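As stored in work27.pdb (PDB, C-alpha atoms):
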ATOM      1  CA  MET I   1      37.846 122.817 123.828  1.00  0.00           C
ATOM      2  CA  ASN I   2      41.614 122.300 124.029  1.00  0.00           C
ATOM      3  CA  ARG I   3      41.421 119.507 121.427  1.00  0.00           C
ATOM      4  CA  LEU I   4      39.476 121.789 119.055  1.00  0.00           C
ATOM      5  CA  VAL I   5      42.189 124.475 119.259  1.00  0.00           C
ATOM      6  CA  TRP I   6      44.912 121.933 118.452  1.00  0.00           C
ATOM      7  CA  ILE I   7      42.950 120.596 115.472  1.00  0.00           C
ATOM      8  CA  ALA I   8      42.456 124.136 114.157  1.00  0.00           C
ATOM      9  CA  LEU I   9      46.177 124.933 114.551  1.00  0.00           C
ATOM     10  CA  ALA I  10      47.219 121.692 112.859  1.00  0.00           C
ATOM     11  CA  SER I  11      44.826 122.356 109.975  1.00  0.00           C
ATOM     12  CA  ALA I  12      46.139 125.897 109.559  1.00  0.00           C
ATOM     13  CA  ALA I  13      49.747 124.667 109.599  1.00  0.00           C
ATOM     14  CA  ALA I  14      48.961 122.001 106.994  1.00  0.00           C
ATOM     15  CA  LEU I  15      47.274 124.597 104.793  1.00  0.00           C
ATOM     16  CA  VAL I  16      50.298 126.908 105.019  1.00  0.00           C
ATOM     17  CA  MET I  17      52.643 124.048 104.097  1.00  0.00           C
ATOM     18  CA  VAL I  18      50.551 123.072 101.086  1.00  0.00           C
ATOM     19  CA  GLN I  19      50.488 126.667  99.855  1.00  0.00           C
ATOM     20  CA  ALA I  20      54.268 126.974 100.273  1.00  0.00           C
ATOM     21  CA  GLN I  21      54.873 123.879  98.142  1.00  0.00           C
ATOM     22  CA  GLN I  22      53.108 125.280  95.118  1.00  0.00           C
ATOM     23  CA  GLY I  23      55.628 126.681  92.650  1.00  0.00           C
ATOM     24  CA  PRO I  24      55.413 129.994  90.872  1.00  0.00           C
ATOM     25  CA  VAL I  25      52.817 130.290  88.167  1.00  0.00           C
ATOM     26  CA  LEU I  26      54.370 130.625  84.727  1.00  0.00           C
ATOM     27  CA  THR I  27      52.795 133.342  82.665  1.00  0.00           C
ATOM     28  CA  GLY I  28      53.487 134.353  79.130  1.00  0.00           C
ATOM     29  CA  THR I  29      51.972 135.315  75.839  1.00  0.00           C
ATOM     30  CA  VAL I  30      51.209 132.736  73.199  1.00  0.00           C
ATOM     31  CA  SER I  31      50.656 134.303  69.818  1.00  0.00           C
ATOM     32  CA  LYS I  32      48.091 131.843  68.433  1.00  0.00           C
ATOM     33  CA  ALA I  33      45.549 129.641  70.133  1.00  0.00           C
ATOM     34  CA  GLY I  34      47.074 126.235  70.701  1.00  0.00           C
ATOM     35  CA  GLU I  35      50.615 127.340  69.824  1.00  0.00           C
ATOM     36  CA  LEU I  36      53.266 126.263  72.325  1.00  0.00           C
ATOM     37  CA  PRO I  37      56.053 128.487  73.684  1.00  0.00           C
ATOM     38  CA  VAL I  38      59.408 127.806  72.026  1.00  0.00           C
ATOM     39  CA  ILE I  39      62.528 127.091  74.111  1.00  0.00           C
ATOM     40  CA  ALA I  40      66.169 126.418  73.255  1.00  0.00           C
ATOM     41  CA  VAL I  41      68.214 124.331  75.693  1.00  0.00           C
ATOM     42  CA  PRO I  42      71.937 124.028  74.892  1.00  0.00           C
ATOM     43  CA  ASP I  43      74.003 121.053  75.972  1.00  0.00           C
ATOM     44  CA  LEU I  44      75.351 121.714  79.437  1.00  0.00           C
ATOM     45  CA  ARG I  45      78.929 120.979  80.496  1.00  0.00           C
ATOM     46  CA  ALA I  46      80.314 119.865  83.846  1.00  0.00           C
ATOM     47  CA  PRO I  47      83.745 120.118  85.457  1.00  0.00           C
ATOM     48  CA  GLY I  48      86.027 117.150  86.033  1.00  0.00           C
ATOM     49  CA  ALA I  49      84.747 113.607  86.271  1.00  0.00           C
ATOM     50  CA  ALA I  50      81.113 114.714  86.062  1.00  0.00           C
ATOM     51  CA  GLN I  51      81.614 115.480  82.352  1.00  0.00           C
ATOM     52  CA  SER I  52      81.285 111.773  81.539  1.00  0.00           C
ATOM     53  CA  PHE I  53      77.650 111.877  82.741  1.00  0.00           C
ATOM     54  CA  MET I  54      76.654 114.973  80.787  1.00  0.00           C
ATOM     55  CA  PRO I  55      75.612 113.309  77.486  1.00  0.00           C
ATOM     56  CA  ALA I  56      73.058 111.207  79.376  1.00  0.00           C
ATOM     57  CA  PHE I  57      71.921 114.196  81.460  1.00  0.00           C
ATOM     58  CA  ASN I  58      71.506 116.416  78.387  1.00  0.00           C
ATOM     59  CA  GLN I  59      69.547 113.715  76.539  1.00  0.00           C
ATOM     60  CA  VAL I  60      67.210 113.111  79.499  1.00  0.00           C
ATOM     61  CA  LEU I  61      66.671 116.864  79.932  1.00  0.00           C
ATOM     62  CA  TRP I  62      65.871 117.268  76.224  1.00  0.00           C
ATOM     63  CA  ASP I  63      63.521 114.272  76.173  1.00  0.00           C
ATOM     64  CA  ASP I  64      61.681 115.399  79.310  1.00  0.00           C
ATOM     65  CA  LEU I  65      61.128 118.920  77.994  1.00  0.00           C
ATOM     66  CA  ALA I  66      60.172 117.754  74.489  1.00  0.00           C
ATOM     67  CA  GLY I  67      57.822 115.107  75.834  1.00  0.00           C
ATOM     68  CA  SER I  68      56.115 117.399  78.332  1.00  0.00           C
ATOM     69  CA  GLY I  69      53.687 118.716  75.737  1.00  0.00           C
ATOM     70  CA  VAL I  70      54.032 122.190  77.226  1.00  0.00           C
ATOM     71  CA  LEU I  71      57.025 123.452  75.219  1.00  0.00           C
ATOM     72  CA  LYS I  72      58.220 123.301  71.638  1.00  0.00           C
ATOM     73  CA  MET I  73      61.957 122.630  71.407  1.00  0.00           C
ATOM     74  CA  VAL I  74      64.140 124.549  68.947  1.00  0.00           C
ATOM     75  CA  PRO I  75      66.255 122.133  66.889  1.00  0.00           C
ATOM     76  CA  LYS I  76      69.927 122.157  67.920  1.00  0.00           C
ATOM     77  CA  THR I  77      70.929 122.933  64.322  1.00  0.00           C
ATOM     78  CA  MET I  78      69.494 126.434  64.900  1.00  0.00           C
ATOM     79  CA  TYR I  79      71.771 127.140  67.902  1.00  0.00           C
ATOM     80  CA  PRO I  80      74.872 129.349  67.628  1.00  0.00           C
ATOM     81  CA  THR I  81      78.170 127.510  67.246  1.00  0.00           C
ATOM     82  CA  GLY I  82      79.658 128.981  70.434  1.00  0.00           C
ATOM     83  CA  ILE I  83      77.365 128.672  73.433  1.00  0.00           C
ATOM     84  CA  PRO I  84      78.370 130.889  76.378  1.00  0.00           C
ATOM     85  CA  GLN I  85      79.001 128.895  79.547  1.00  0.00           C
ATOM     86  CA  GLN I  86      80.675 131.367  81.894  1.00  0.00           C
ATOM     87  CA  PRO I  87      80.579 135.153  82.410  1.00  0.00           C
ATOM     88  CA  ALA I  88      83.778 135.712  80.391  1.00  0.00           C
ATOM     89  CA  ASP I  89      82.042 134.236  77.307  1.00  0.00           C
ATOM     90  CA  PHE I  90      79.519 137.069  77.149  1.00  0.00           C
ATOM     91  CA  ARG I  91      80.394 140.192  75.194  1.00  0.00           C
ATOM     92  CA  GLN I  92      78.702 143.568  75.207  1.00  0.00           C
ATOM     93  CA  PRO I  93      76.925 144.143  71.872  1.00  0.00           C
ATOM     94  CA  PRO I  94      78.065 147.153  69.879  1.00  0.00           C
ATOM     95  CA  PRO I  95      75.884 150.239  70.266  1.00  0.00           C
ATOM     96  CA  ALA I  96      73.183 150.690  67.667  1.00  0.00           C
ATOM     97  CA  PRO I  97      74.013 153.353  65.094  1.00  0.00           C
ATOM     98  CA  VAL I  98      72.124 156.559  65.680  1.00  0.00           C
ATOM     99  CA  SER I  99      70.619 157.915  62.506  1.00  0.00           C
ATOM    100  CA  PRO I 100      69.836 161.622  62.328  1.00  0.00           C
ATOM    101  CA  HIS I 101      66.204 162.561  61.977  1.00  0.00           C
ATOM    102  CA  PRO I 102      65.364 163.368  58.373  1.00  0.00           C
ATOM    103  CA  ARG I 103      64.419 166.962  57.801  1.00  0.00           C
ATOM    104  CA  ARG I 104      61.060 167.677  56.368  1.00  0.00           C
ATOM    105  CA  ALA I 105      60.938 169.674  53.134  1.00  0.00           C
ATOM    106  CA  LYS I 106      58.760 172.755  53.343  1.00  0.00           C
TER     107      LYS I 106
END
Would it be possible to restate this file's structure as structure tokens?
Amino acid sequence: MNRLVWIALASAAALVMVQAQQGPVLTGTVSKAGELPVIAVPDLRAPGAAQSFMPAFNQVLWDDLAGSGVLKMVPKTMYPTGIPQQPADFRQPPPAPVSPHPRRAK
């Protein structure tokens, strides 16, 4: 009986660990059947001596995402010229102009 309890506890613990290892499920809307989601990944930068490794890192990241068959990569020629890298690079967009409601003629 004691052995049966330990087997049940070990099985339950293993099941909990397997469930915890599963990542979040990605959900989204694809507009057409068979069309892949589009993603843009800018080149990342690193501080100090790590910067010398970034071209290889960026190329491997790009190749892995492009070759996954799950995403469609946006060409880098479509990216903005200045890519924000730190909070100071982001600017608040100007407020949208408010147009008055047109009056209806009676």
Close residues, Ala56 (chain I) itself excluded, 12 Å, all atoms listed in the file, min 5 positions apart in chain, as JSON, numbers by chain
{"I": [43, 44, 45, 50, 51, 61, 62, 63]}
Atom-to-atom span, CA of Gly69 (chain I) and CA of Pro37 (chain I), Å:
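We find that CA of Gly69 (chain I) and CA of Pro37 (chain I) lie 10.3 Å from each other.
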Residues near Val74 (chain I), cut-off 12 Å, all atoms listed in the file, skip fewer than 6 positions along chain, as a PyMOL selection string:
chain I and resi 36-42+62+65-66+80
Between CA of Val60 (chain I) and CA of Gly48 (chain I), what is the spacing in Å?
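We find that CA of Gly48 (chain I) and CA of Val60 (chain I) lie 20.3 Å from each other.
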Grab the CA of Met78 (chain I) to CA of Gln92 (chain I) distance for me, in Å with one decimal place.
22.0 Å
Taking all listed atoms of region 76-80 of chain I, build the axis-aligned box, pad each of the six sides by 5 Å, then write its centre and edge lengths in Å to one decimal as AutoDock Vina command-line options.
--center_x 72.2 --center_y 125.8 --center_z 66.1 --size_x 15.4 --size_y 17.2 --size_z 13.6
Proximity to Ala46 (chain I) - best of I:Pro95, I:Ser11, I:Gln85, I:Trp6, all atoms listed in the file:
I:Gln85
